[in-house]
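Undergrad: If it helps, the file is called work.csv and holds CSV, C-alpha atoms and all ligand atoms:
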chain,number,residue,atom,x,y,z
Z,23,MET,CA,84.0,16.1,40.8
Z,24,ILE,CA,82.0,18.7,42.8
Z,25,GLY,CA,84.9,19.7,44.9
Z,26,PHE,CA,86.9,21.0,42.0
Z,27,LEU,CA,85.7,24.6,41.3
Z,28,SER,CA,86.5,24.6,37.7
Z,29,ALA,CA,86.9,28.4,37.4
Z,30,LYS,CA,90.6,28.1,36.8
Z,31,GLY,CA,90.4,24.3,36.8
Z,32,LYS,CA,92.8,24.2,39.7
Z,33,LYS,CA,91.1,25.6,42.8
Z,34,MET,CA,89.9,23.2,45.4
Z,35,TYR,CA,88.9,23.1,49.1
Z,36,ILE,CA,90.5,20.6,51.5
Z,37,LEU,CA,88.9,19.8,54.8
Z,38,GLY,CA,91.7,19.0,57.3
Z,39,ILE,CA,91.0,16.9,60.5
Z,40,GLU,CA,93.5,16.6,63.4
Z,41,SER,CA,93.0,14.5,66.6
Z,42,SER,CA,96.5,13.0,67.3
Z,43,CYS,CA,96.9,14.3,70.8
Z,44,ASP,CA,95.0,16.8,72.9
Z,45,GLU,CA,93.4,19.2,70.3
Z,46,THR,CA,90.3,18.3,68.2
Z,47,ALA,CA,90.8,20.5,65.2
Z,48,ALA,CA,89.3,21.0,61.7
Z,49,SER,CA,90.0,23.5,59.0
Z,50,VAL,CA,89.1,24.4,55.4
Z,51,VAL,CA,92.1,25.4,53.3
Z,52,GLU,CA,91.8,26.6,49.7
Z,53,GLY,CA,94.5,25.2,47.4
Z,54,ALA,CA,95.1,26.7,44.0
Z,55,ASP,CA,98.1,26.9,41.6
Z,56,GLY,CA,100.3,25.1,44.1
Z,57,LYS,CA,99.5,27.5,47.0
Z,58,VAL,CA,97.4,27.2,50.1
Z,59,ASN,CA,95.2,29.7,52.0
Z,60,VAL,CA,93.3,29.2,55.3
Z,61,ARG,CA,89.5,29.7,55.0
Z,62,SER,CA,88.7,28.5,58.5
Z,63,ASN,CA,90.5,27.0,61.5
Z,64,ILE,CA,88.7,25.6,64.5
Z,65,VAL,CA,90.6,24.1,67.5
Z,66,ALA,CA,88.9,22.6,70.5
Z,67,SER,CA,91.6,22.3,73.1
Z,68,GLN,CA,91.5,19.7,75.9
Z,69,ILE,CA,94.4,21.3,77.8
Z,70,SER,CA,92.3,22.4,80.8
Z,71,MET,CA,91.1,18.8,81.3
Z,72,HIS,CA,94.6,17.2,81.1
Z,73,ARG,CA,96.1,20.0,83.2
Z,74,GLU,CA,94.6,18.5,86.3
Z,75,TRP,CA,96.7,15.3,85.8
Z,76,GLY,CA,99.9,17.1,84.9
Z,77,GLY,CA,100.0,15.7,81.3
Z,78,VAL,CA,97.8,14.2,78.6
Z,79,VAL,CA,95.7,11.2,79.7
Z,80,PRO,CA,95.3,9.1,76.5
Z,81,GLU,CA,92.0,7.5,77.5
Z,82,LEU,CA,90.4,10.9,78.3
Z,83,ALA,CA,91.8,12.4,75.1
Z,84,GLY,CA,90.0,9.8,73.0
Z,85,ARG,CA,86.7,10.4,74.8
Z,86,ALA,CA,86.9,14.1,74.5
Z,87,HIS,CA,87.7,13.9,70.7
Z,88,ILE,CA,84.6,11.8,70.0
Z,89,GLU,CA,82.4,14.2,72.0
Z,90,CYS,CA,83.3,17.3,69.9
Z,91,ILE,CA,84.6,16.2,66.5
Z,92,SER,CA,81.3,16.5,64.7
Z,93,ARG,CA,80.8,20.0,66.0
Z,94,VAL,CA,84.3,21.1,65.3
Z,95,VAL,CA,84.1,19.9,61.6
Z,96,LYS,CA,80.7,21.5,61.2
Z,97,GLU,CA,82.1,24.8,62.6
Z,98,ALA,CA,85.0,24.6,60.2
Z,99,LEU,CA,82.7,24.2,57.2
Z,100,ASP,CA,80.4,26.9,58.4
Z,101,ALA,CA,83.1,29.4,59.2
Z,102,ALA,CA,84.6,28.9,55.7
Z,103,GLY,CA,81.2,29.3,54.1
Z,104,VAL,CA,81.4,26.1,52.2
Z,105,ALA,CA,79.3,23.0,52.1
Z,106,LEU,CA,80.6,19.4,52.3
Z,107,SER,CA,79.7,19.1,48.6
Z,108,ASP,CA,82.3,21.8,47.9
Z,109,ILE,CA,85.1,19.8,49.5
Z,110,GLY,CA,87.6,18.2,47.0
Z,111,ALA,CA,89.5,16.1,49.5
Z,112,ILE,CA,89.4,15.2,53.2
Z,113,ALA,CA,92.8,15.1,54.8
Z,114,VAL,CA,93.3,13.5,58.2
Z,115,THR,CA,96.2,12.9,60.5
Z,116,SER,CA,96.8,9.1,60.4
Z,117,ASN,CA,100.2,9.1,62.3
Z,118,PRO,CA,102.0,9.5,64.6
Z,119,GLY,CA,100.2,10.2,67.9
Z,120,LEU,CA,98.1,8.6,70.6
Z,121,ILE,CA,96.4,5.6,69.0
Z,122,GLY,CA,93.0,6.1,70.7
Z,123,ALA,CA,93.0,9.8,69.8
Z,124,LEU,CA,94.1,9.2,66.1
Z,125,LEU,CA,91.4,6.6,65.6
Z,126,ILE,CA,88.7,9.1,66.3
Z,127,GLY,CA,89.8,11.4,63.6
Z,128,VAL,CA,90.6,8.7,61.1
Z,129,ASN,CA,87.3,6.9,61.5
Z,130,PHE,CA,85.4,10.2,61.3
Z,131,ALA,CA,87.2,11.2,58.2
Z,132,LYS,CA,86.8,7.8,56.6
Z,133,SER,CA,83.0,7.8,57.2
Z,134,LEU,CA,82.6,11.3,55.9
Z,135,ALA,CA,84.7,10.7,52.8
Z,136,PHE,CA,83.2,7.4,51.7
Z,137,ALA,CA,79.6,8.4,52.5
Z,138,ASN,CA,80.0,11.5,50.4
Z,139,ASN,CA,82.3,10.1,47.7
Z,140,ILE,CA,85.2,12.5,48.5
Z,141,PRO,CA,88.8,11.4,48.2
Z,142,LEU,CA,90.5,10.6,51.5
Z,143,VAL,CA,94.1,11.7,52.0
Z,144,PRO,CA,96.1,10.4,55.0
Z,145,VAL,CA,98.6,13.0,56.5
Z,146,ASP,CA,101.7,12.5,58.6
Z,147,HIS,CA,101.4,14.9,61.6
Z,148,ILE,CA,105.1,15.9,61.4
Z,149,LYS,CA,104.7,16.9,57.7
Z,150,GLY,CA,101.6,18.7,58.8
Z,151,HIS,CA,103.6,20.8,61.2
Z,152,VAL,CA,106.0,21.7,58.4
Z,153,ALA,CA,103.1,22.6,56.1
Z,154,ALA,CA,102.0,25.3,58.6
Z,155,ASN,CA,104.8,27.3,56.9
Z,156,TYR,CA,103.1,27.1,53.6
Z,157,LEU,CA,100.2,29.1,55.0
Z,158,THR,CA,102.1,32.4,54.9
Z,159,GLU,CA,102.6,35.3,52.4
Z,160,ALA,CA,106.0,34.1,51.4
Z,161,PRO,CA,106.2,30.4,51.9
Z,162,PRO,CA,109.3,28.2,51.6
Z,163,LYS,CA,109.6,25.9,48.6
Z,164,PRO,CA,111.2,22.4,48.8
Z,165,PRO,CA,113.9,21.3,48.9
Z,166,PHE,CA,114.8,22.6,52.3
Z,167,VAL,CA,116.0,21.5,55.8
Z,168,SER,CA,113.4,21.5,58.5
Z,169,ALA,CA,113.6,21.4,62.3
Z,170,VAL,CA,110.5,19.9,63.8
Z,171,VAL,CA,110.4,20.6,67.6
Z,172,SER,CA,107.3,19.6,69.5
Z,173,GLY,CA,106.1,17.8,72.6
Z,174,GLY,CA,106.8,14.4,70.9
Z,175,HIS,CA,109.6,15.2,68.4
Z,176,THR,CA,112.9,16.9,67.9
Z,177,THR,CA,114.0,16.0,64.4
Z,178,LEU,CA,115.9,17.5,61.5
Z,179,TYR,CA,114.8,16.5,58.1
Z,180,MET,CA,115.9,17.1,54.5
Z,181,CYS,CA,112.6,17.8,52.8
Z,182,GLU,CA,113.3,16.9,49.1
Z,183,SER,CA,109.7,17.7,48.1
Z,184,TYR,CA,106.4,18.5,49.7
Z,185,THR,CA,105.8,14.9,50.4
Z,186,SER,CA,109.3,13.2,50.6
Z,187,TYR,CA,111.5,13.6,53.7
Z,188,THR,CA,114.7,12.1,54.8
Z,189,GLU,CA,115.6,12.2,58.5
Z,190,LEU,CA,119.0,13.8,59.2
Z,191,GLY,CA,119.0,13.4,63.0
Z,192,SER,CA,116.6,13.1,65.9
Z,193,THR,CA,116.4,12.9,69.6
Z,194,LEU,CA,117.5,9.6,71.1
Z,195,ASP,CA,115.3,10.1,74.2
Z,196,ASP,CA,113.0,13.0,75.3
Z,197,ALA,CA,111.7,15.7,72.9
Z,198,ALA,CA,112.5,19.3,73.6
Z,199,GLY,CA,108.8,20.2,74.3
Z,200,GLU,CA,108.6,17.4,76.9
Z,201,ALA,CA,111.7,18.7,78.6
Z,202,PHE,CA,110.3,22.2,78.7
Z,203,ASP,CA,107.1,20.8,80.3
Z,204,LYS,CA,109.0,18.7,82.9
Z,205,VAL,CA,111.4,21.5,84.0
Z,206,GLY,CA,108.5,23.9,84.0
Z,207,ARG,CA,106.6,21.6,86.3
Z,208,VAL,CA,109.3,21.4,89.0
Z,209,ILE,CA,109.5,25.1,89.1
Z,210,GLY,CA,105.7,25.3,89.7
Z,211,LEU,CA,104.3,26.0,86.2
Z,212,LYS,CA,101.2,24.4,84.9
Z,213,TYR,CA,101.0,21.9,82.1
Z,214,PRO,CA,102.0,22.5,79.3
Z,215,ALA,CA,104.7,24.8,80.6
Z,216,GLY,CA,106.5,25.7,77.3
Z,217,ALA,CA,104.8,29.0,76.7
Z,218,GLU,CA,105.2,30.2,80.4
Z,219,MET,CA,108.9,29.0,80.3
Z,220,ASP,CA,109.3,31.3,77.3
Z,221,VAL,CA,108.1,34.3,79.2
Z,222,LEU,CA,109.9,33.5,82.4
Z,223,ALA,CA,113.2,32.9,80.6
Z,224,LYS,CA,113.2,36.6,79.5
Z,225,GLU,CA,113.4,37.7,83.1
Z,226,GLY,CA,116.3,35.4,84.1
Z,227,ASP,CA,120.0,35.2,83.7
Z,228,LYS,CA,121.0,32.6,81.1
Z,229,THR,CA,124.5,32.2,82.6
Z,230,ALA,CA,123.3,31.6,86.2
Z,231,TYR,CA,123.4,27.8,85.8
Z,232,LYS,CA,125.6,25.8,83.4
Z,233,PHE,CA,123.5,23.0,82.0
Z,234,PRO,CA,124.7,20.4,79.4
Z,235,LEU,CA,123.8,20.9,75.7
Z,236,PRO,CA,121.2,18.5,74.4
Z,237,LEU,CA,123.5,16.8,71.9
Z,238,ALA,CA,124.2,13.1,71.3
Z,239,GLY,CA,127.2,11.7,69.4
Z,240,LYS,CA,128.9,13.3,66.4
Z,241,GLU,CA,126.0,13.1,64.0
Z,242,LEU,CA,122.9,15.3,63.9
Z,243,ASP,CA,121.2,13.6,66.9
Z,244,PHE,CA,119.9,15.1,70.1
Z,245,SER,CA,119.5,13.9,73.7
Z,246,PHE,CA,117.4,15.9,76.1
Z,247,SER,CA,117.4,13.6,79.1
Z,248,GLY,CA,120.8,14.7,80.5
Z,249,LEU,CA,119.8,18.4,80.2
Z,250,LYS,CA,116.4,17.7,81.7
Z,251,THR,CA,117.8,15.7,84.6
Z,252,ALA,CA,120.5,18.4,85.3
Z,253,ALA,CA,117.8,21.1,85.6
Z,254,LEU,CA,115.6,18.9,87.7
Z,255,ASN,CA,118.5,17.9,90.0
Z,256,CYS,CA,119.4,21.5,90.4
Z,257,VAL,CA,115.9,22.4,91.6
Z,258,HIS,CA,115.7,19.3,93.9
Z,259,ASN,CA,119.1,19.8,95.4
Z,260,ALA,CA,118.4,23.5,96.2
Z,261,SER,CA,115.1,22.5,97.9
Z,262,GLN,CA,116.7,19.7,100.0
Z,263,LYS,CA,119.2,22.3,101.3
Z,264,GLY,CA,116.4,24.8,101.9
Z,265,GLU,CA,117.9,27.2,99.4
Z,266,GLU,CA,115.8,29.6,97.3
Z,267,ILE,CA,116.1,29.0,93.6
Z,268,ASN,CA,115.5,31.7,91.1
Z,269,ARG,CA,112.9,30.3,88.8
Z,270,ALA,CA,113.6,32.8,86.0
Z,271,ASP,CA,117.3,31.9,86.1
Z,272,ILE,CA,116.5,28.2,85.8
Z,273,ALA,CA,114.1,28.9,82.9
Z,274,ALA,CA,116.7,31.2,81.2
Z,275,SER,CA,119.7,28.8,81.7
Z,276,PHE,CA,117.7,25.7,80.5
Z,277,THR,CA,116.3,27.6,77.5
Z,278,HIS,CA,119.8,28.8,76.7
Z,279,ALA,CA,121.1,25.2,76.6
Z,280,VAL,CA,118.1,24.1,74.4
Z,281,VAL,CA,118.6,27.0,72.0
Z,282,SER,CA,122.4,26.4,71.8
Z,283,GLY,CA,122.0,22.7,71.1
Z,284,ILE,CA,119.3,23.0,68.5
Z,285,CYS,CA,121.0,25.9,66.7
Z,286,LYS,CA,124.3,24.0,66.6
Z,287,ARG,CA,122.7,21.0,64.9
Z,288,ALA,CA,120.6,23.2,62.6
Z,289,GLY,CA,123.7,25.0,61.4
Z,290,GLU,CA,125.4,21.6,60.8
Z,291,ALA,CA,122.4,20.4,58.9
Z,292,ILE,CA,122.4,23.5,56.7
Z,293,GLU,CA,126.2,23.0,56.0
Z,294,ARG,CA,125.9,19.2,55.3
Z,295,SER,CA,122.9,19.5,53.1
Z,296,GLY,CA,123.9,22.7,51.2
Z,297,SER,CA,120.3,23.9,51.7
Z,298,LYS,CA,119.7,27.6,51.7
Z,299,GLN,CA,116.4,27.4,53.6
Z,300,LEU,CA,115.6,26.3,57.1
Z,301,VAL,CA,112.0,25.7,58.0
Z,302,PHE,CA,111.1,25.6,61.8
Z,303,ALA,CA,107.9,23.8,62.9
Z,304,GLY,CA,106.1,22.1,65.8
Z,305,GLY,CA,104.6,23.4,69.0
Z,306,VAL,CA,108.0,24.6,70.3
Z,307,SER,CA,108.5,26.8,67.1
Z,308,ALA,CA,106.4,29.3,69.1
Z,309,ASN,CA,109.4,29.8,71.4
Z,310,SER,CA,110.7,33.3,71.0
Z,311,HIS,CA,114.3,32.4,72.1
Z,312,LEU,CA,114.6,29.6,69.6
Z,313,ARG,CA,113.1,31.6,66.8
Z,314,ALA,CA,115.7,34.3,67.4
Z,315,GLY,CA,118.5,31.8,67.8
Z,316,LEU,CA,117.6,29.9,64.5
Z,317,LYS,CA,117.2,33.2,62.7
Z,318,GLU,CA,120.7,34.1,63.7
Z,319,THR,CA,122.0,30.7,62.8
Z,320,CYS,CA,120.5,31.1,59.3
Z,321,ARG,CA,122.1,34.5,58.9
Z,322,GLU,CA,125.5,33.0,59.9
Z,323,HIS,CA,125.1,30.2,57.3
Z,324,GLY,CA,123.6,32.3,54.5
Z,325,ALA,CA,120.3,30.6,54.7
Z,326,GLU,CA,116.7,31.9,54.7
Z,327,PHE,CA,114.7,31.3,57.9
Z,328,PHE,CA,111.0,30.4,57.9
Z,329,CYS,CA,108.6,29.8,60.8
Z,330,PRO,CA,104.9,29.5,61.0
Z,331,PRO,CA,102.6,32.2,62.3
Z,332,LEU,CA,102.2,31.8,66.1
Z,333,SER,CA,98.5,30.8,65.7
Z,334,LEU,CA,99.6,27.8,63.6
Z,335,CYS,CA,102.6,26.5,65.7
Z,336,GLY,CA,100.5,24.1,67.9
Z,337,ASP,CA,98.3,21.3,66.6
Z,338,ASN,CA,95.6,22.5,64.2
Z,339,GLY,CA,93.6,21.3,61.2
Z,340,ALA,CA,94.9,24.0,58.8
Z,341,MET,CA,98.4,22.5,58.7
Z,342,ILE,CA,96.9,19.0,58.0
Z,343,ALA,CA,94.7,20.4,55.2
Z,344,ALA,CA,97.7,22.3,53.7
Z,345,GLN,CA,99.8,19.1,53.7
Z,346,GLY,CA,96.7,17.3,52.4
Z,347,TYR,CA,96.6,19.6,49.4
Z,348,TYR,CA,100.2,18.7,48.4
Z,349,GLU,CA,99.7,15.0,49.1
Z,350,TYR,CA,96.5,15.1,47.0
Z,351,LEU,CA,98.5,16.7,44.1
Z,352,ALA,CA,101.1,13.9,44.5
Z,353,GLY,CA,98.4,11.3,44.3
Z,354,THR,CA,98.3,10.1,47.9
Z,355,ARG,CA,95.0,8.5,48.7
Z,356,ALA,CA,93.6,6.1,51.3
Z,357,GLY,CA,90.8,3.5,51.0
Z,358,THR,CA,88.5,2.0,53.5
Z,359,GLU,CA,91.3,0.0,55.0
Z,360,LEU,CA,93.0,3.2,56.4
Z,361,ASN,CA,94.2,2.7,60.0
Z,362,ALA,CA,95.9,4.9,62.5
Z,363,LYS,CA,99.6,4.3,63.3
Z,364,PRO,CA,100.9,5.5,66.7
Z,365,SER,CA,104.5,6.0,65.3
Z,401,LIG,O1,103.2,20.3,68.4
Z,401,LIG,P1,102.5,20.4,69.7
Z,401,LIG,O2,101.3,21.3,69.8
Z,401,LIG,O3,102.1,18.9,70.1
Z,401,LIG,C1,102.9,17.8,69.7
Z,401,LIG,O4,102.7,17.4,68.5
Z,401,LIG,O5,103.7,17.4,70.5
Z,401,LIG,O6,103.6,20.8,70.8
Z,401,LIG,C2,103.3,20.9,72.1
Z,401,LIG,C3,104.6,21.3,72.9
Z,401,LIG,C4,104.4,21.3,74.4
Z,401,LIG,O7,105.4,20.6,75.0
Z,401,LIG,C5,104.4,22.8,74.8
Z,401,LIG,O8,104.9,23.0,76.1
Z,401,LIG,C6,105.4,23.3,73.7
Z,401,LIG,O9,105.0,22.6,72.5
Z,401,LIG,N1,105.3,24.7,73.5
Z,401,LIG,C7,106.4,25.6,73.8
Z,401,LIG,C8,106.0,26.9,73.5
Z,401,LIG,N2,104.7,26.8,73.1
Z,401,LIG,C9,104.3,25.5,73.2
Z,401,LIG,N3,107.7,25.3,74.2
Z,401,LIG,C10,108.5,26.3,74.4
Z,401,LIG,N4,108.1,27.6,74.2
Z,401,LIG,C11,106.9,27.9,73.7
Z,401,LIG,N5,106.6,29.2,73.5
Z,402,ZN,ZN,102.0,18.4,67.0
Could you render the structure from this file as structure tokens?
Ligand code: KG4
Ligand code: ZN
TA:
Amino acid sequence: MIGFLSAKGKKMYILGIESSCDETAASVVEGADGKVNVRSNIVASQISMHREWGGVVPELAGRAHIECISRVVKEALDAAGVALSDIGAIAVTSNPGLIGALLIGVNFAKSLAFANNIPLVPVDHIKGHVAANYLTEAPPKPPFVSAVVSGGHTTLYMCESYTSYTELGSTLDDAAGEAFDKVGRVIGLKYPAGAEMDVLAKEGDKTAYKFPLPLAGKELDFSFSGLKTAALNCVHNASQKGEEINRADIAASFTHAVVSGICKRAGEAIERSGSKQLVFAGGVSANSHLRAGLKETCREHGAEFFCPPLSLCGDNGAMIAAQGYYEYLAGTRAGTELNAKPS
């Protein structure tokens, strides 16, 4: 196969394609001897378009993906300095995500793969987020516990291998990122508010408001709806009474509750699993307060803490290509019947 550079018999290039939500992304990752390295990483963000509507509009996302996916993939190949004939596998996000958005990437990857006789590897977006951690100097090695915290997920997994995960606990309602975005919106921040909430929280008093922790039941589950509603009510009540609210205090107190809840569950997951590694992933893994909190949790539990570089926390093609490499090695392949799955 052309894509296998036979110098050491093991090096290969993987083209990763991601279109599950509001970023059209492609990347070339080099895989060799069980390790991965980024060769290019192109992300076309739709955030400014969705911002007008206060959130992602699925119909618009699909249309925007189809407009730029060819260009984004070409740029990824050009920036890596490789031709399509050098690619050993095409990895594409096939689930979960917005169906109309996923279908664009899946169909594009399928056409490219089968027209050029390149193996097609479907990738789970969540596993992709975790795989962003493999693109570092000192990556984690399974088995480990991972905490995936994003706009759509807040889940703890036992990752037995690069490709096999068991869910330990998850949110029963909203995801943490979604809660950050909604609370940010009521205090006047633009969508998506997570990054601005992070900065604002540094200026506030985390003890100013006492919000409930985002925990559900006795197991390792979460619930963010109570915390989100408490923060929203606090802002609405103050505005009805004509009282000034301190936005930084709201951001700090809300963030404190999120960090306390996630760290508590992560600590429990480390104890229950006996794992000595915790791997943080997802868009919210960019949050400085959560990074610091989980690092401390790991220290308390004698575990090593891993998080992706900030540039790879949000949706990108490199994480999909990295996971694609390990899926490829494990024999994961898709045929022409590959479809997108929203969940
Ligand atoms: O993983 P991601 O890019 O998309 C999904 O797969 O959902 O995550 C996006 C989410 C948004 O809710 C965004 O507000 C949040 O990640 N986010 C943050 C930060 N940066 C992005 N949340 C808190 N603090 C941040 N620094
Ligand atoms: Zn994501």
Undergrad: Could you tell me how far CA of Ala215 in chain Z lies from CA of Pro80 in chain Z, in Å and to one decimal?
TA: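 Pair CA of Ala215 in chain Z / CA of Pro80 in chain Z returns 18.8 Å.
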Undergrad: Output the neighbourhood of ligand LIG 401 (chain Z) as a list in words, that is, all protein and nucleic acid residues with some atom at most 6 Å from the ligand, counting only C-alpha atoms and all ligand atoms.
TA: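 So the residues close to ligand LIG 401 (chain Z) are Ser172, Gly173, Gly174, Gly199, Glu200, Asp203, Pro214, Ala215, Gly216, Ala217, Asp220, Gly304, Gly305, Val306, Ala308, Asn309, Gly336 and Asp337 of chain Z.
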Undergrad: As an exercise, work out the distance from CA of Val128 in chain Z to CA of Ser41 in chain Z in Å and give it to one decimal place.
TA: 8.3 Å
Undergrad: Which of these, Z:Leu334, Z:Leu211, Z:Leu157, Z:Ala198, has the shortest distance to Val280 in chain Z once you count all atoms listed in the file?
TA: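 The answer is Z:Ala198, which sits nearest to Val280 in chain Z.
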Undergrad: In the coordinates of the file, take the point (119.9, 37.1, 86.1) and a cut-off of 9 Å; then, counting only C-alpha atoms, name each qualifying protein, DNA or RNA residue as an MDAnalysis selection string.
TA: chainID Z and resid 225:230 268 270:271 274
Undergrad: Which one is closest to Gly103 in chain Z: Z:Cys335, Z:Val58, Z:Val50, Z:Ala303? Count all atoms listed in the file.
TA: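 The shortest atom-to-atom distance to Gly103 in chain Z comes from Z:Val50.
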Undergrad: If you count all atoms listed in the file, which residues fall within 9 Å of range 118-124 of chain Z, apart from same-chain ones fewer than 5 positions away, as a compact mmCIF listing (two decimals) with C-alpha atoms, keeping the file's coordinate frame?
TA:
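Output contents, as saved in around.txt:
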# COMPACT_ATOMS: atom_id res chain seq x y z
CA GLU Z 40 93.50 16.60 63.40
CA SER Z 41 93.00 14.50 66.60
CA SER Z 42 96.50 13.00 67.30
CA CYS Z 43 96.90 14.30 70.80
CA ASP Z 44 95.00 16.80 72.90
CA PRO Z 80 95.30 9.10 76.50
CA GLU Z 81 92.00 7.50 77.50
CA LEU Z 82 90.40 10.90 78.30
CA ALA Z 83 91.80 12.40 75.10
CA GLY Z 84 90.00 9.80 73.00
CA ARG Z 85 86.70 10.40 74.80
CA ALA Z 86 86.90 14.10 74.50
CA HIS Z 87 87.70 13.90 70.70
CA ILE Z 88 84.60 11.80 70.00
CA ASN Z 129 87.30 6.90 61.50
CA ASP Z 146 101.70 12.50 58.60
CA HIS Z 147 101.40 14.90 61.60
CA ILE Z 148 105.10 15.90 61.40
CA GLY Z 174 106.80 14.40 70.90
CA ASN Z 361 94.20 2.70 60.00
CA ALA Z 362 95.90 4.90 62.50
CA LYS Z 363 99.60 4.30 63.30
CA PRO Z 364 100.90 5.50 66.70
CA SER Z 365 104.50 6.00 65.30
Undergrad: Fewer than 6 positions away in the same chain doesn't count, so skip those; otherwise give me all residues within 6 Å of range 286-300 of chain Z, counting all atoms listed in the file, as a VMD selection string.
TA: chain Z and resid 166 to 168 242 325 to 327
Undergrad: So which residues touch Phe136 in chain Z within 12 Å, counting all atoms listed in the file, skipping near sequence neighbours fewer than 4 positions away, as number ranges by chain?
TA: Z: 111-112, 129-132, 140-143, 356-360
Undergrad: Leaving out range 51-57 of chain Z and any residue of its chain fewer than 5 positions from it, which residues lie within 6 Å of it when counting only C-alpha atoms, given as number ranges by chain?
TA: Z: 32-36, 343
Undergrad: Just the number, please: distance in Å from CA of Val221 in chain Z to CA of Ser307 in chain Z, one decimal.
TA: 14.2 Å
